[in-house]
file input-v7.txt (compact mmCIF, C-alpha atoms)
# COMPACT_ATOMS: atom_id res chain seq x y z
CA MET B 25 86.24 93.67 82.41
CA ILE B 26 87.13 97.31 83.06
CA ASN B 27 88.35 98.69 86.38
CA ILE B 28 88.81 102.35 87.20
CA LEU B 29 91.93 103.18 89.16
CA LYS B 30 91.87 106.45 91.10
CA SER B 31 94.63 108.10 93.11
CA LYS B 32 94.77 111.47 94.84
CA ASN B 33 98.36 111.69 93.58
CA PHE B 34 97.16 111.99 89.96
CA ALA B 35 95.99 115.58 90.51
CA ALA B 36 99.55 116.72 91.17
CA LEU B 37 100.91 115.17 87.97
CA GLY B 38 101.33 117.40 84.97
CA SER B 39 101.70 115.08 81.98
CA TYR B 40 100.48 111.87 80.40
CA ASP B 41 103.89 110.26 80.92
CA GLN B 42 103.88 111.05 84.65
CA VAL B 43 100.40 109.59 85.09
CA ARG B 44 101.34 106.50 83.08
CA ASP B 45 104.54 105.94 85.07
CA HIS B 46 102.78 106.39 88.40
CA THR B 47 100.00 104.03 87.34
CA THR B 48 102.47 101.42 86.16
CA GLU B 49 104.19 101.57 89.55
CA ILE B 50 100.86 101.04 91.36
CA LEU B 51 99.79 98.19 89.09
CA THR B 52 103.14 96.42 89.42
CA SER B 53 102.71 96.12 93.19
CA LEU B 54 99.00 95.34 92.85
CA ASN B 55 99.58 92.55 90.33
CA GLY B 56 102.39 91.06 92.42
CA ALA B 57 100.27 91.15 95.59
CA ALA B 58 97.28 89.61 93.77
CA LYS B 59 99.41 86.85 92.30
CA LEU B 60 100.89 86.04 95.72
CA SER B 61 97.59 86.08 97.62
CA LEU B 62 95.20 84.74 94.98
CA GLY B 63 97.37 82.98 92.45
CA SER B 64 96.03 85.39 89.85
CA GLY B 65 97.93 85.02 86.59
CA SER B 66 96.17 87.67 84.48
CA PRO B 67 97.68 91.08 85.19
CA ILE B 68 95.78 94.34 85.24
CA LYS B 69 97.08 96.60 82.49
CA ILE B 70 96.54 100.21 81.47
CA GLY B 71 93.83 100.46 78.86
CA SER B 72 93.53 104.23 78.54
CA ILE B 73 94.33 107.50 80.30
CA SER B 74 91.89 110.41 80.20
CA GLU B 75 91.73 113.93 81.63
CA ILE B 76 88.33 115.26 82.67
CA ARG B 77 87.71 118.99 83.23
CA ASP B 78 84.44 119.68 85.01
CA ASP B 79 84.50 122.83 87.12
CA GLY B 80 88.00 123.95 86.19
CA THR B 81 89.63 121.47 88.55
CA ARG B 82 91.83 118.96 86.88
CA HIS B 83 91.02 115.31 87.57
CA THR B 84 92.93 112.45 86.01
CA TYR B 85 91.47 108.95 85.88
CA VAL B 86 93.16 105.81 84.68
CA SER B 87 91.18 102.97 83.16
CA ALA B 88 92.84 99.59 83.73
CA ALA B 89 91.75 96.62 81.69
CA ILE B 90 92.08 93.02 82.87
CA VAL B 91 93.25 90.83 80.02
CA GLY B 92 91.71 87.37 80.30
CA ALA B 93 89.91 85.86 83.26
CA SER B 94 91.16 86.96 86.63
CA ALA B 95 90.10 86.85 90.26
CA THR B 96 89.28 90.20 91.73
CA ILE B 97 91.33 91.68 94.54
CA THR B 98 88.21 91.85 96.75
CA CYS B 99 87.17 88.20 96.54
CA SER B 100 85.77 86.22 99.47
CA VAL B 101 85.36 82.50 100.10
CA VAL B 102 82.32 81.12 101.93
CA VAL B 103 82.39 77.58 103.33
CA ILE B 104 79.21 75.96 104.67
CA HIS B 105 80.10 73.13 107.04
CA ALA B 106 78.08 69.95 107.55
CA ASP B 107 76.68 71.28 110.82
CA GLY B 108 75.29 74.34 109.05
CA THR B 109 77.85 76.83 110.34
CA ILE B 110 79.16 79.31 107.81
CA GLU B 111 82.79 80.34 107.59
CA GLU B 112 83.82 83.28 105.43
CA SER B 113 87.40 84.20 104.56
CA HIS B 114 88.91 86.97 102.49
CA PRO B 115 92.11 85.66 100.88
CA ALA B 116 92.80 88.99 99.18
CA ASP B 117 92.88 90.98 102.43
CA PRO B 118 96.66 90.57 102.98
CA ALA B 119 97.30 92.13 99.57
CA ILE B 120 95.99 95.47 100.84
CA ALA B 121 98.64 95.59 103.56
CA TRP B 122 101.31 94.43 101.11
CA MET B 123 100.42 97.29 98.79
CA ALA B 124 100.88 99.72 101.68
CA LEU B 125 104.20 98.08 102.56
CA SER B 126 105.47 98.45 99.00
CA LYS B 127 105.11 102.23 99.32
CA ARG B 128 107.30 102.27 102.44
CA ASP B 129 109.80 99.51 101.85
CA ALA B 130 112.01 99.19 98.76
CA HIS B 131 112.66 95.47 99.31
CA VAL B 132 108.94 94.68 99.43
CA LYS B 133 108.34 96.80 96.34
CA ASN B 134 111.09 94.96 94.48
CA ALA B 135 109.80 91.54 95.57
CA LEU B 136 106.27 92.30 94.35
CA ARG B 137 107.71 93.58 91.07
CA LEU B 138 109.60 90.31 90.60
CA ILE B 139 106.52 88.26 91.49
CA GLU B 140 104.45 90.14 88.94
CA ASN B 141 107.09 89.52 86.30
CA ASP B 142 107.77 85.84 86.99
CA PHE B 143 106.51 83.64 89.81
CA GLU B 144 106.23 80.54 87.64
CA THR B 145 109.83 79.50 86.92
CA TRP B 146 112.88 78.53 88.96
CA TYR B 147 114.63 81.71 87.86
CA GLY B 148 111.74 83.87 89.05
CA LEU B 149 111.31 82.07 92.35
CA TYR B 150 115.01 82.25 93.14
CA LYS B 151 115.11 85.99 92.53
CA VAL B 152 112.33 86.49 95.08
CA PHE B 153 114.24 84.25 97.50
CA GLU B 154 117.34 86.41 97.07
CA ILE B 155 115.40 89.57 97.94
CA ILE B 156 114.08 87.95 101.12
CA ARG B 157 117.50 86.60 102.10
CA GLU B 158 119.23 89.92 101.42
CA ASP B 159 116.79 91.77 103.65
CA ALA B 160 116.12 89.21 106.39
CA GLY B 161 119.48 87.46 106.69
CA ASN B 162 119.47 83.91 108.09
CA ILE B 163 115.93 82.71 107.48
CA VAL B 164 116.56 79.39 109.20
CA LYS B 165 117.49 81.14 112.46
CA ARG B 166 114.31 83.18 112.14
CA GLY B 167 112.34 79.93 112.17
CA TRP B 168 110.80 80.41 108.75
CA CYS B 169 112.03 77.08 107.38
CA ALA B 170 114.25 74.11 108.20
CA GLU B 171 117.86 73.96 107.03
CA ALA B 172 117.15 70.78 105.06
CA GLU B 173 114.21 72.40 103.26
CA LEU B 174 116.26 75.44 102.34
CA LYS B 175 119.14 73.32 101.04
CA ARG B 176 116.74 71.20 99.01
CA PHE B 177 115.36 74.31 97.36
CA THR B 178 118.70 75.97 96.57
CA GLN B 179 120.43 72.77 95.45
CA THR B 180 117.56 71.84 93.16
CA ALA B 181 117.44 75.34 91.68
CA ASN B 182 121.18 75.35 90.96
CA SER B 183 121.60 71.76 89.76
CA PRO B 184 121.66 70.85 86.05
CA ASP B 185 121.31 67.23 87.17
CA ALA B 186 117.96 68.13 88.70
CA LEU B 187 116.61 70.73 86.26
CA GLY B 188 118.65 70.44 83.08
CA VAL B 189 118.67 73.68 81.10
CA ASN B 190 116.29 75.27 83.62
CA ALA B 191 118.94 75.20 86.35
CA ARG B 192 120.49 78.50 87.46
CA HIS B 193 124.01 77.19 86.88
CA ALA B 194 125.70 75.29 84.08
CA LYS B 195 128.52 73.86 86.20
CA ALA B 196 128.16 70.37 87.62
CA ILE B 197 126.12 70.56 90.81
CA PRO B 198 124.60 67.26 91.93
CA ALA B 199 120.88 66.99 92.47
CA PRO B 200 119.66 66.54 96.04
CA PRO B 201 118.49 63.03 96.97
CA ASP B 202 114.89 64.24 96.69
CA PRO B 203 114.76 67.15 94.22
CA MET B 204 112.07 69.72 94.91
CA SER B 205 109.27 70.01 92.37
CA LEU B 206 108.44 73.40 90.87
CA SER B 207 105.07 73.47 92.63
CA SER B 208 106.73 72.68 95.97
CA ALA B 209 109.32 75.40 95.32
CA LYS B 210 106.54 77.92 94.70
CA SER B 211 104.81 76.90 97.94
CA PHE B 212 108.14 77.23 99.76
CA ILE B 213 108.71 80.78 98.50
CA GLN B 214 105.10 81.70 99.30
CA LYS B 215 105.69 80.51 102.87
CA LEU B 216 108.86 82.60 103.14
CA MET B 217 107.11 85.62 101.65
CA ASN B 218 104.25 85.37 104.14
CA ALA B 219 106.62 85.12 107.10
CA TRP B 220 108.79 87.96 105.80
CA LEU B 221 105.86 90.25 105.04
CA LYS B 222 104.38 89.58 108.47
CA GLU B 223 107.64 90.79 110.00
CA LYS B 224 107.79 93.79 107.67
CA LYS B 225 104.25 94.79 108.68
CA ALA B 226 105.34 94.84 112.31
CA GLN B 227 108.43 96.89 111.45
CA HIS B 228 106.29 99.50 109.71
CA ASP B 229 103.43 99.40 112.26
CA LEU B 230 100.87 98.23 109.72
call {"tool": "encode", "arguments": {"input": "input-v7.txt", "output": "structure tokens"}}
result
Amino acid sequence: MINILKSKNFAALGSYDQVRDHTTEILTSLNGAAKLSLGSGSPIKIGSISEIRDDGTRHTYVSAAIVGASATITCSVVVIHADGTIEESHPADPAIAWMALSKRDAHVKNALRLIENDFETWYGLYKVFEIIREDAGNIVKRGWCAEAELKRFTQTANSPDALGVNARHAKAIPAPPDPMSLSSAKSFIQKLMNAWLKEKKAQHDL
């Protein structure tokens, strides 16, 4: 599958390297937003860069190839209920606002970069958590999670007793009574991300 990525900013760029770097920056946020909203695991990557001269005006287009099967950023879900009513949702819609946020907010940009790189391991999830905590402060006081849930996440992530070699620390840290599973940890970070990004949208009037 081939997608064409266009940006009005390309016209002002004067070299292949500048176009490539700008495209990489866009795709990093796009892939992170898609992974967060859709669970997409197949990133969009640069396939080729071409310059087209038509009437003397310089236009640069970037072709981005999706490697492997992947949901598209414009997907919709239609549910037909037993009574015949139809409900349509667009799970990718939030990603559009998150992309806009990443252009205005360095913390959001960094979080999406980390999600694109690794949203499947304890190390990756904890890095995203640290970005949120650094920016938002006390997330429990903000009402985004309970203290017990937060402690369960952090203690599991740091405990060799709970995770073995996948723990963030090597020193002896006991496992919580009910260690959090990796899938539950991912859902927890997704919940924090959604609450944090909702607040960031309000801050930036988006």
call {"tool": "residues_near_point", "arguments": {"input": "input-v7.txt", "point": "(107.5, 81.3, 98.1)", "cutoff": "10 Å", "atoms": "only C-alpha atoms", "output": "ChimeraX atom specification"}}
result
/B:60,139,143,149-150,152-153,156,207-219
call {"tool": "atom_distance", "arguments": {"input": "input-v7.txt", "atom1": "atom CA of B:Thr47", "atom2": "atom CA of B:Arg157"}}
result
28.8 Å
call {"tool": "residues_around", "arguments": {"input": "input-v7.txt", "residues": "B:His131", "least_positions_apart": "6", "cutoff": "10 Å", "atoms": "only C-alpha atoms", "output": "ChimeraX atom specification"}}
result
/B:125,137,152,155-156,158-159,224
call {"tool": "residues_around", "arguments": {"input": "input-v7.txt", "residues": "B:Lys175", "least_positions_apart": "3", "cutoff": "12 Å", "atoms": "all atoms listed in the file", "output": "number ranges by chain"}}
result
B: 163-164, 169-172, 178-183, 199-204, 209, 212
call {"tool": "atom_distance", "arguments": {"input": "input-v7.txt", "atom1": "atom CA of B:Trp146", "atom2": "atom CA of B:Arg192"}}
result
7.8 Å
call {"tool": "atom_distance", "arguments": {"input": "input-v7.txt", "atom1": "atom CA of B:Gln227", "atom2": "atom CA of B:Phe177"}}
result
27.5 Å
call {"tool": "closest_residue", "arguments": {"input": "input-v7.txt", "among": "B:Ala226, B:Leu174, B:Val132, B:Ala57", "to": "B:Ile120", "atoms": "all atoms listed in the file"}}
result
B:Ala57
call {"tool": "closest_residue", "arguments": {"input": "input-v7.txt", "among": "B:Ala135, B:Asp41, B:Ala121, B:Pro198", "to": "B:Asp185", "atoms": "only C-alpha atoms"}}
result
B:Pro198
call {"tool": "closest_residue", "arguments": {"input": "input-v7.txt", "among": "B:Thr52, B:Ser39, B:Trp220, B:Tyr147", "to": "B:Asn162", "atoms": "all atoms listed in the file"}}
result
B:Trp220
call {"tool": "closest_residue", "arguments": {"input": "input-v7.txt", "among": "B:Ser53, B:Glu223, B:Asn190, B:Gly161", "to": "B:Ala130", "atoms": "all atoms listed in the file"}}
result
B:Ser53
